[in-house]
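Trainee: Data file coords37.cif (mmCIF, C-alpha atoms and all ligand atoms) is appended below.
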```cif
data_entry
#
loop_
_atom_site.group_PDB
_atom_site.id
_atom_site.type_symbol
_atom_site.label_atom_id
_atom_site.label_comp_id
_atom_site.auth_asym_id
_atom_site.auth_seq_id
_atom_site.Cartn_x
_atom_site.Cartn_y
_atom_site.Cartn_z
ATOM 1 C CA MET A 6 10.619 -7.214 -4.893
ATOM 2 C CA ALA A 7 13.367 -9.759 -5.584
ATOM 3 C CA ALA A 8 13.497 -12.809 -3.331
ATOM 4 C CA LYS A 9 16.765 -13.154 -1.408
ATOM 5 C CA ALA A 10 18.333 -16.610 -1.193
ATOM 6 C CA ILE A 11 19.970 -17.614 2.092
ATOM 7 C CA PRO A 12 21.733 -20.916 2.667
ATOM 8 C CA ARG A 13 20.031 -23.486 4.929
ATOM 9 C CA LEU A 14 22.001 -25.656 7.321
ATOM 10 C CA ASP A 15 21.927 -28.484 4.786
ATOM 11 C CA GLY A 16 23.415 -26.078 2.218
ATOM 12 C CA ARG A 17 20.281 -25.732 0.051
ATOM 13 C CA PRO A 18 19.002 -22.175 -0.367
ATOM 14 C CA ILE A 19 15.619 -21.023 0.880
ATOM 15 C CA ALA A 20 13.997 -18.011 -0.710
ATOM 16 C CA LEU A 21 13.041 -15.194 1.664
ATOM 17 C CA ARG A 22 10.292 -12.966 0.329
ATOM 18 C CA PRO A 23 10.285 -9.571 1.996
ATOM 19 C CA CYS A 24 6.805 -8.480 2.989
ATOM 20 C CA ARG A 25 5.260 -6.181 0.382
ATOM 21 C CA ARG A 26 2.910 -3.622 1.887
ATOM 22 C CA LYS A 27 0.372 -1.244 0.377
ATOM 23 C CA VAL A 28 0.949 2.217 1.784
ATOM 24 C CA LEU A 29 -1.166 5.347 1.340
ATOM 25 C CA PHE A 30 0.028 8.849 2.236
ATOM 26 C CA VAL A 31 -2.804 11.315 2.785
ATOM 27 C CA GLY A 32 -2.349 15.082 2.492
ATOM 28 C CA SER A 33 1.387 15.007 1.787
ATOM 29 C CA GLU A 34 2.939 18.243 0.602
ATOM 30 C CA ARG A 35 6.499 18.356 1.823
ATOM 31 C CA PRO A 36 9.633 17.097 0.035
ATOM 32 C CA ASP A 37 10.507 14.952 3.069
ATOM 33 C CA GLU A 38 7.074 13.272 2.978
ATOM 34 C CA PHE A 39 7.545 12.451 -0.714
ATOM 35 C CA ALA A 40 11.138 11.300 -0.106
ATOM 36 C CA TYR A 41 9.823 8.825 2.465
ATOM 37 C CA ALA A 42 7.087 7.645 0.084
ATOM 38 C CA MET A 43 9.680 7.171 -2.672
ATOM 39 C CA ARG A 44 12.007 5.265 -0.351
ATOM 40 C CA LEU A 45 9.216 2.808 0.454
ATOM 41 C CA ALA A 46 8.329 2.467 -3.236
ATOM 42 C CA CYS A 47 11.987 1.782 -4.067
ATOM 43 C CA GLN A 48 11.984 -0.950 -1.414
ATOM 44 C CA GLY A 49 9.203 -2.634 -3.406
ATOM 45 C CA HIS A 50 6.132 -1.526 -1.480
ATOM 46 C CA ILE A 51 3.049 -0.351 -3.356
ATOM 47 C CA VAL A 52 2.773 3.325 -2.540
ATOM 48 C CA ALA A 53 0.219 5.985 -3.426
ATOM 49 C CA VAL A 54 -0.085 9.594 -2.288
ATOM 50 C CA VAL A 55 -3.432 11.359 -2.315
ATOM 51 C CA ASN A 56 -4.013 15.082 -1.912
ATOM 52 C CA PRO A 57 -6.346 17.516 -3.703
ATOM 53 C CA ARG A 58 -3.471 19.997 -3.546
ATOM 54 C CA GLU A 59 -0.526 19.388 -5.857
ATOM 55 C CA THR A 60 2.680 20.995 -4.589
ATOM 56 C CA ALA A 61 6.001 21.262 -6.425
ATOM 57 C CA ALA A 62 7.169 18.276 -4.353
ATOM 58 C CA ALA A 63 4.169 16.271 -5.583
ATOM 59 C CA ARG A 64 4.987 17.131 -9.202
ATOM 60 C CA ALA A 65 8.629 16.124 -8.699
ATOM 61 C CA TYR A 66 7.484 12.853 -7.111
ATOM 62 C CA ARG A 67 5.256 12.097 -10.093
ATOM 63 C CA THR A 68 8.036 12.995 -12.541
ATOM 64 C CA ASP A 69 10.295 10.528 -10.712
ATOM 65 C CA GLY A 70 7.713 7.772 -11.252
ATOM 66 C CA GLY A 71 5.781 8.043 -7.978
ATOM 67 C CA ARG A 72 2.014 7.610 -7.933
ATOM 68 C CA PHE A 73 0.371 10.870 -6.890
ATOM 69 C CA ILE A 74 -3.406 11.128 -7.098
ATOM 70 C CA GLN A 75 -4.749 14.656 -7.010
ATOM 71 C CA ALA A 76 -7.942 13.977 -5.077
ATOM 72 C CA ARG A 77 -9.411 13.809 -1.608
ATOM 73 C CA ILE A 78 -9.140 10.424 0.051
ATOM 74 C CA GLU A 79 -12.938 10.361 0.040
ATOM 75 C CA ASP A 80 -12.798 10.350 -3.786
ATOM 76 C CA LEU A 81 -9.972 7.844 -4.216
ATOM 77 C CA PRO A 82 -11.296 5.249 -6.682
ATOM 78 C CA LEU A 83 -12.240 1.932 -5.087
ATOM 79 C CA ARG A 84 -9.919 0.094 -7.481
ATOM 80 C CA PHE A 85 -7.022 1.231 -5.261
ATOM 81 C CA GLY A 86 -8.312 -1.279 -2.729
ATOM 82 C CA GLN A 87 -7.257 -1.421 0.882
ATOM 83 C CA PHE A 88 -3.978 -0.448 2.459
ATOM 84 C CA HIS A 89 -1.788 -1.923 5.171
ATOM 85 C CA VAL A 90 -0.588 1.511 6.257
ATOM 86 C CA ILE A 91 -2.166 4.945 5.907
ATOM 87 C CA CYS A 92 0.047 7.857 6.987
ATOM 88 C CA GLU A 93 -1.296 11.334 7.541
ATOM 89 C CA ASN A 94 0.580 14.284 8.980
ATOM 90 C CA TYR A 95 -1.238 17.283 10.382
ATOM 91 C CA PRO A 96 -4.692 17.257 8.815
ATOM 92 C CA TYR A 97 -6.284 20.686 9.124
ATOM 93 C CA PRO A 98 -8.015 20.881 12.485
ATOM 94 C CA TYR A 99 -10.960 22.796 10.984
ATOM 95 C CA PRO A 100 -13.341 23.935 13.713
ATOM 96 C CA LEU A 101 -16.054 22.197 11.679
ATOM 97 C CA ALA A 102 -14.069 18.940 11.658
ATOM 98 C CA LEU A 103 -14.179 18.926 15.431
ATOM 99 C CA GLY A 104 -17.939 18.373 15.418
ATOM 100 C CA TYR A 105 -18.752 14.729 16.143
ATOM 101 C CA ASP A 106 -20.457 13.862 12.833
ATOM 102 C CA VAL A 107 -17.760 15.459 10.700
ATOM 103 C CA THR A 108 -14.989 13.800 12.711
ATOM 104 C CA ARG A 109 -16.750 10.448 12.354
ATOM 105 C CA ALA A 110 -16.964 10.910 8.564
ATOM 106 C CA PHE A 111 -13.304 12.022 8.480
ATOM 107 C CA ALA A 112 -12.255 8.883 10.382
ATOM 108 C CA ALA A 113 -14.530 6.581 8.353
ATOM 109 C CA ALA A 114 -12.988 7.738 5.045
ATOM 110 C CA ARG A 115 -9.618 6.491 6.337
ATOM 111 C CA LEU A 116 -10.659 3.451 8.384
ATOM 112 C CA GLU A 117 -12.683 1.902 5.568
ATOM 113 C CA ARG A 118 -9.515 1.897 3.441
ATOM 114 C CA LEU A 119 -7.586 -0.240 5.930
ATOM 115 C CA ALA A 120 -6.873 -3.903 5.309
ATOM 116 C CA ILE A 121 -7.304 -6.252 8.269
ATOM 117 C CA GLY A 122 -4.268 -5.775 10.486
ATOM 118 C CA GLY A 123 -3.542 -2.430 8.841
ATOM 119 C CA HIS A 124 -2.772 0.856 10.603
ATOM 120 C CA TRP A 125 -3.839 4.460 10.068
ATOM 121 C CA VAL A 126 -1.222 6.654 11.720
ATOM 122 C CA VAL A 127 -2.158 10.300 12.098
ATOM 123 C CA PHE A 128 -0.095 13.048 13.696
ATOM 124 C CA SER A 129 -1.743 16.242 14.860
ATOM 125 C CA GLU A 130 -0.833 19.268 16.903
ATOM 126 C CA SER A 131 -4.471 19.680 17.842
ATOM 127 C CA GLY A 132 -5.593 18.277 21.164
ATOM 128 C CA ARG A 133 -9.160 18.973 20.093
ATOM 129 C CA LEU A 134 -8.830 16.922 16.913
ATOM 130 C CA ALA A 135 -7.057 14.105 18.791
ATOM 131 C CA THR A 136 -9.805 14.083 21.436
ATOM 132 C CA ALA A 137 -12.549 14.217 18.806
ATOM 133 C CA LEU A 138 -11.037 11.172 17.056
ATOM 134 C CA ALA A 139 -10.671 9.327 20.362
ATOM 135 C CA ASP A 140 -14.361 10.070 21.061
ATOM 136 C CA VAL A 141 -15.328 8.467 17.750
ATOM 137 C CA ALA A 142 -13.237 5.388 18.634
ATOM 138 C CA ARG A 143 -14.961 5.190 22.011
ATOM 139 C CA HIS A 144 -18.566 5.887 21.017
ATOM 140 C CA GLU A 145 -18.992 4.185 17.644
ATOM 141 C CA ALA A 146 -19.759 0.514 18.246
ATOM 142 C CA GLY A 147 -18.462 -0.507 14.786
ATOM 143 C CA VAL A 148 -15.176 1.324 15.309
ATOM 144 C CA ARG A 149 -14.788 -0.028 18.854
ATOM 145 C CA ARG A 150 -15.349 -3.611 17.702
ATOM 146 C CA ARG A 151 -13.143 -3.536 14.621
ATOM 147 C CA PHE A 152 -10.337 -1.159 15.531
ATOM 148 C CA ARG A 153 -7.871 -0.615 18.335
ATOM 149 C CA LEU A 154 -6.663 2.913 19.041
ATOM 150 C CA GLN A 155 -3.297 3.786 20.531
ATOM 151 C CA PHE A 156 -3.084 7.410 21.552
ATOM 152 C CA SER A 157 0.202 9.121 22.512
ATOM 153 C CA GLU A 158 1.347 12.602 23.241
ATOM 154 C CA LEU A 159 4.839 13.193 21.875
ATOM 155 C CA SER A 160 7.527 15.804 21.966
ATOM 156 C CA SER A 161 7.637 17.785 18.724
ATOM 157 C CA ALA A 162 11.182 16.467 18.193
ATOM 158 C CA LEU A 163 9.753 12.956 17.787
ATOM 159 C CA ALA A 164 6.931 13.928 15.431
ATOM 160 C CA PRO A 165 7.184 14.662 11.697
ATOM 161 C CA ARG A 166 8.195 18.177 10.756
ATOM 162 C CA SER A 167 5.760 20.590 9.229
ATOM 163 C CA ALA A 168 5.432 24.316 8.789
ATOM 164 C CA TYR A 169 1.721 24.200 9.641
ATOM 165 C CA PRO A 170 1.422 23.561 13.377
ATOM 166 C CA LEU A 171 1.597 26.757 15.364
ATOM 167 C CA LYS A 172 1.643 24.899 18.670
ATOM 168 C CA LYS A 173 4.354 22.714 20.156
ATOM 169 C CA THR A 174 1.977 19.924 21.202
ATOM 170 C CA ARG A 175 2.016 16.715 19.165
ATOM 171 C CA TYR A 176 -0.334 13.724 19.250
ATOM 172 C CA ARG A 177 -0.037 10.437 17.442
ATOM 173 C CA LEU A 178 -3.135 8.340 16.959
ATOM 174 C CA MET A 179 -2.715 4.872 15.575
ATOM 175 C CA PHE A 180 -5.834 2.944 14.603
ATOM 176 C CA GLN A 181 -5.314 -0.737 13.866
ATOM 177 C CA ARG A 182 -7.995 -2.730 12.089
ATOM 178 C CA LEU A 183 -8.515 -5.979 13.997
ATOM 179 C CA ARG A 184 -11.245 -7.653 11.934
HETATM 180 C C1 LIG B 201 -2.158 21.188 7.132
HETATM 181 S S1 LIG B 201 -1.753 20.502 5.571
HETATM 182 C C2 LIG B 201 -0.440 19.379 6.045
HETATM 183 C C3 LIG B 201 0.512 19.165 4.895
HETATM 184 C C4 LIG B 201 1.649 18.235 5.187
HETATM 185 N N1 LIG B 201 1.197 16.876 5.416
HETATM 186 C C5 LIG B 201 2.492 18.679 6.361
HETATM 187 O O1 LIG B 201 2.616 17.911 7.328
HETATM 188 O O2 LIG B 201 3.060 19.774 6.313
HETATM 189 C C6 LIG B 201 -3.110 19.403 5.253
HETATM 190 C C7 LIG B 201 -3.066 18.780 3.859
HETATM 191 O O3 LIG B 201 -4.147 17.862 3.753
HETATM 192 C C8 LIG B 201 -4.694 17.980 2.459
HETATM 193 N N2 LIG B 201 -6.075 17.503 2.520
HETATM 194 C C9 LIG B 201 -7.152 18.157 3.004
HETATM 195 N N3 LIG B 201 -8.246 17.399 2.903
HETATM 196 C C10 LIG B 201 -7.849 16.225 2.345
HETATM 197 C C11 LIG B 201 -8.544 15.035 1.973
HETATM 198 N N4 LIG B 201 -9.855 14.919 2.164
HETATM 199 N N5 LIG B 201 -7.846 14.021 1.414
HETATM 200 C C12 LIG B 201 -6.508 14.146 1.223
HETATM 201 N N6 LIG B 201 -5.808 15.244 1.561
HETATM 202 C C13 LIG B 201 -6.466 16.283 2.106
HETATM 203 C C14 LIG B 201 -4.587 19.456 2.133
HETATM 204 O O4 LIG B 201 -4.652 19.721 0.740
HETATM 205 C C15 LIG B 201 -3.218 19.780 2.730
HETATM 206 O O5 LIG B 201 -2.223 19.550 1.769
#
```
For this file, write the structure as C-alpha cells.
Ligand SMILES: C[S@@+](CC[C@H](N)C(=O)[O-])C[C@H]1O[C@@H](n2cnc3c(N)ncnc32)[C@H](O)[C@@H]1O

Mentor:
Amino acid sequence: MAAKAIPRLDGRPIALRPCRRKVLFVGSERPDEFAYAMRLACQGHIVAVVNPRETAAARAYRTDGGRFIQARIEDLPLRFGQFHVICENYPYPYPLALGYDVTRAFAAARLERLAIGGHWVVFSESGRLATALADVARHEAGVRRRFRLQFSELSSALAPRSAYPLKKTRYRLMFQRLR
C-alpha cells in the first residue's frame, strides 16, 4: 500500500502508512462476499477466502487475482499465519455442531487463527448456534481468559444477505483476542 505524504506545519511532509490488515473470509459463496473481499484486497489488505465449496463467484474471484483456497478452515496450511479479521456469514447450524464438543472445536479452528487484537465476526440466523458459541466462551477457561465476546441480536436488514437463512432472526458474535 503506497504511503501518503501530508504536509506538516513546518512544511516538511510526513509519510502516513495506512494500516495493512490480514483478513480471512470463511465459507464465502456469494458474489457480494467476494466483491467485499476484493475491495479490501484492492485497498492493500492481505485477503484470503477459504471454503471447501467453490462457487462460480469463487472462480471469478480467483480469475480476477483473488486468493481463494478450496479447503476447510481446519485444513488451511499454517503458513497462512494469523489474521486480524476473520469474517464468516451463516455457517451451517448442523444439529451436530450444536453439541458442546463440536461447537468448541468449530470455535477453536477460528480462534486459533486470530492475531492478538484480532476479531472473528460471525453472523448466524441460529439462536441455538449463537447460544452454543456463547456457552463455549463462558465455560472454556482458555477462551474466557484470552478472548472477549460481544453478542448482539440484529434486524435482518442490518446483517449480511444470504439465501440460506430461513428465519428472520440474526445474531452477530464478535470474538476479540486479547492476549
Ligand atoms: C450456509 S453456507 C453460507 C454461504 C455464504 N457465506 C452465505 O452467507 O450465503 C455455509 C458455507 O460454509 C462452507 N463451509 C462449511 N464448512 C466449512 C469449513 N470448515 N471451512 C470453511 N468453510 C466451510 C460451506 O461450504 C458453505 O459454502

Trainee: Would you mind listing the residues within 7 Å of ligand LIG 201 (chain B), counting all atoms listed in the file, as a ChimeraX atom specification?

Mentor: /A:31-35,55-58,76-79,93-97,166-169

Trainee: Nearest to A:Arg44: which of A:Ala63, A:Gly71, A:Asp80, A:Gly104 is it, counting only C-alpha atoms?

Mentor: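 Nearest candidate to A:Arg44 out of A:Ala63, A:Gly71, A:Asp80, A:Gly104: A:Gly71.
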
Trainee: Contacts of A:Lys172 at 10 Å or less, counting all atoms listed in the file, minus same-chain residues fewer than 5 places along, as a tab-separated table (two decimals) with C-alpha atoms, in the frame of the given file?

Mentor:
```
chain	number	residue	atom	x	y	z
A	130	GLU	CA	-0.83	19.27	16.90
A	131	SER	CA	-4.47	19.68	17.84
A	161	SER	CA	7.64	17.78	18.72
```

Trainee: Could you tell me how far atom CA of A:Val126 sits from atom CA of A:Tyr99, in Å to one decimal place?

Mentor: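 Value for the atom CA of A:Tyr99-atom CA of A:Val126 distance: 18.9 Å.
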
Trainee: Select, from A:Leu103, A:Phe111, A:Leu163, A:Arg118, the residue with the minimum atom-to-atom distance to A:Thr136, counting only C-alpha atoms.

Mentor: A:Leu103

Trainee: For A:Lys27, which of A:Tyr66, A:Ala61, A:Phe88, A:Ile74 is the closest residue, counting all atoms listed in the file?

Mentor: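 Comparing A:Tyr66, A:Ala61, A:Phe88, A:Ile74 against A:Lys27, the winner is A:Phe88.
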
Trainee: Between A:His50, A:Leu81, A:Arg182, A:Glu59, which one has atoms that come closest to A:Ala114, using all atoms listed in the file?

Mentor: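 Result for the nearest residue to A:Ala114: A:Leu81.
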
Trainee: So how far away is atom CA of A:Gln48 from atom CA of A:Cys24, in Å?

Mentor: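 One can read the atom CA of A:Cys24 to atom CA of A:Gln48 distance as 10.1 Å.
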
Trainee: What does the PyMOL selection byres (((chain A and resi 181) around 9) and not hetatm) select in this file, as a VMD selection string?

Mentor: chain A and resid 116 119 121 to 126 151 to 155 179 to 180 182 to 183

Trainee: What separation in Å, quoted to one decimal, exists between atom CA of A:Ala46 and atom CA of A:Ser129?

Mentor: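 Rounded to one decimal, the two atoms are 24.9 Å apart.
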
Trainee: Give me, as CSV, the closest atom pair and its distance (Å, one decimal) for every residue of stretch 49-129 of chain A within a cut-off of 9 Å of stretch 139-145 of chain A, counting all atoms listed in the file, rows sorted by chain and rising number.

Mentor:
```
residue,atom,partner,partner_atom,distance
A:Tyr105,CA,A:Val141,CA,7.3
A:Asp106,CA,A:Val141,CA,8.9
A:Thr108,CA,A:Val141,CA,7.3
A:Arg109,CA,A:Val141,CA,5.9
A:Ala112,CA,A:Val141,CA,8.0
```

Trainee: Convert the output of the PyMOL selection byres (((chain A and resi 67) around 12) and not hetatm) on the shown file into explicit residues, formatted as a list in words.

Mentor: Phe39, Ala40, Ala42, Met43, Val52, Ala53, Val54, Val55, Glu59, Thr60, Ala61, Ala62, Ala63, Arg64, Ala65, Tyr66, Thr68, Asp69, Gly70, Gly71, Arg72, Phe73, Ile74 and Gln75 of chain A

Trainee: So for stretch 129-142 of chain A, what box centre and size do we get, axis-aligned, 5 Å extra on each of the six sides, every listed atom, Å to one decimal, as JSON?

Mentor:
```
{"center_x": -8.1, "center_y": 12.5, "center_z": 18.1, "size_x": 24.5, "size_y": 24.3, "size_z": 16.6}
```

Trainee: Calculated over only C-alpha atoms, which of the candidates A:Glu117, A:Ala137, A:Glu38, A:Glu158 has the smallest distance to A:Leu83?

Mentor: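 Closest residue, counting only C-alpha atoms: A:Glu117.
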
Trainee: Could you list, as a PDB file with C-alpha atoms, keeping the file's coordinate frame, every residue within 6 Å of A:Ile91, counting all atoms listed in the file and ignoring same-chain residues fewer than 4 positions away?

Mentor:
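Result file follows (part.pdb):
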```pdb
ATOM      1  CA  VAL A  28       0.949   2.217   1.784  1.00  0.00           C
ATOM      2  CA  LEU A  29      -1.166   5.347   1.340  1.00  0.00           C
ATOM      3  CA  PHE A  30       0.028   8.849   2.236  1.00  0.00           C
ATOM      4  CA  TRP A 125      -3.839   4.460  10.068  1.00  0.00           C
TER       5      TRP A 125
END
```

Trainee: Produce stretch 29-42 of chain A of the given structure as output with N, CA and C atoms, as an mmCIF file, in the first residue's frame.

Mentor:
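Wrote it out as out_33.cif, contents follow:
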```cif
data_model
loop_
_atom_site.group_PDB
_atom_site.id
_atom_site.type_symbol
_atom_site.label_atom_id
_atom_site.label_comp_id
_atom_site.auth_asym_id
_atom_site.auth_seq_id
_atom_site.Cartn_x
_atom_site.Cartn_y
_atom_site.Cartn_z
ATOM 1 N N LEU A 29 -9.378 -12.893 6.659
ATOM 2 C CA LEU A 29 -9.773 -14.213 6.162
ATOM 3 C C LEU A 29 -11.292 -14.287 6.107
ATOM 4 N N PHE A 30 -11.821 -14.659 4.938
ATOM 5 C CA PHE A 30 -13.255 -14.912 4.790
ATOM 6 C C PHE A 30 -13.454 -16.425 4.810
ATOM 7 N N VAL A 31 -14.365 -16.865 5.651
ATOM 8 C CA VAL A 31 -14.617 -18.309 5.789
ATOM 9 C C VAL A 31 -15.998 -18.620 5.228
ATOM 10 N N GLY A 32 -16.061 -19.615 4.331
ATOM 11 C CA GLY A 32 -17.364 -20.086 3.846
ATOM 12 C C GLY A 32 -18.059 -19.118 2.904
ATOM 13 N N SER A 33 -17.301 -18.271 2.223
ATOM 14 C CA SER A 33 -17.939 -17.324 1.295
ATOM 15 C C SER A 33 -18.373 -18.051 0.031
ATOM 16 N N GLU A 34 -19.503 -17.630 -0.471
ATOM 17 C CA GLU A 34 -20.060 -18.217 -1.701
ATOM 18 C C GLU A 34 -20.599 -17.153 -2.636
ATOM 19 N N ARG A 35 -21.080 -16.066 -2.038
ATOM 20 C CA ARG A 35 -21.893 -15.121 -2.810
ATOM 21 C C ARG A 35 -21.020 -14.077 -3.510
ATOM 22 N N PRO A 36 -21.515 -13.574 -4.680
ATOM 23 C CA PRO A 36 -20.760 -12.511 -5.361
ATOM 24 C C PRO A 36 -20.511 -11.305 -4.454
ATOM 25 N N ASP A 37 -21.487 -10.951 -3.604
ATOM 26 C CA ASP A 37 -21.258 -9.755 -2.767
ATOM 27 C C ASP A 37 -20.185 -10.016 -1.704
ATOM 28 N N GLU A 38 -20.057 -11.249 -1.235
ATOM 29 C CA GLU A 38 -18.983 -11.564 -0.283
ATOM 30 C C GLU A 38 -17.623 -11.442 -0.978
ATOM 31 N N PHE A 39 -17.543 -11.935 -2.211
ATOM 32 C CA PHE A 39 -16.265 -11.849 -2.939
ATOM 33 C C PHE A 39 -15.965 -10.408 -3.354
ATOM 34 N N ALA A 40 -17.032 -9.633 -3.651
ATOM 35 C CA ALA A 40 -16.798 -8.223 -4.021
ATOM 36 C C ALA A 40 -16.190 -7.475 -2.830
ATOM 37 N N TYR A 41 -16.674 -7.793 -1.638
ATOM 38 C CA TYR A 41 -16.149 -7.143 -0.432
ATOM 39 C C TYR A 41 -14.691 -7.561 -0.205
ATOM 40 N N ALA A 42 -14.429 -8.869 -0.381
ATOM 41 C CA ALA A 42 -13.053 -9.360 -0.214
ATOM 42 C C ALA A 42 -12.127 -8.662 -1.221
#
```
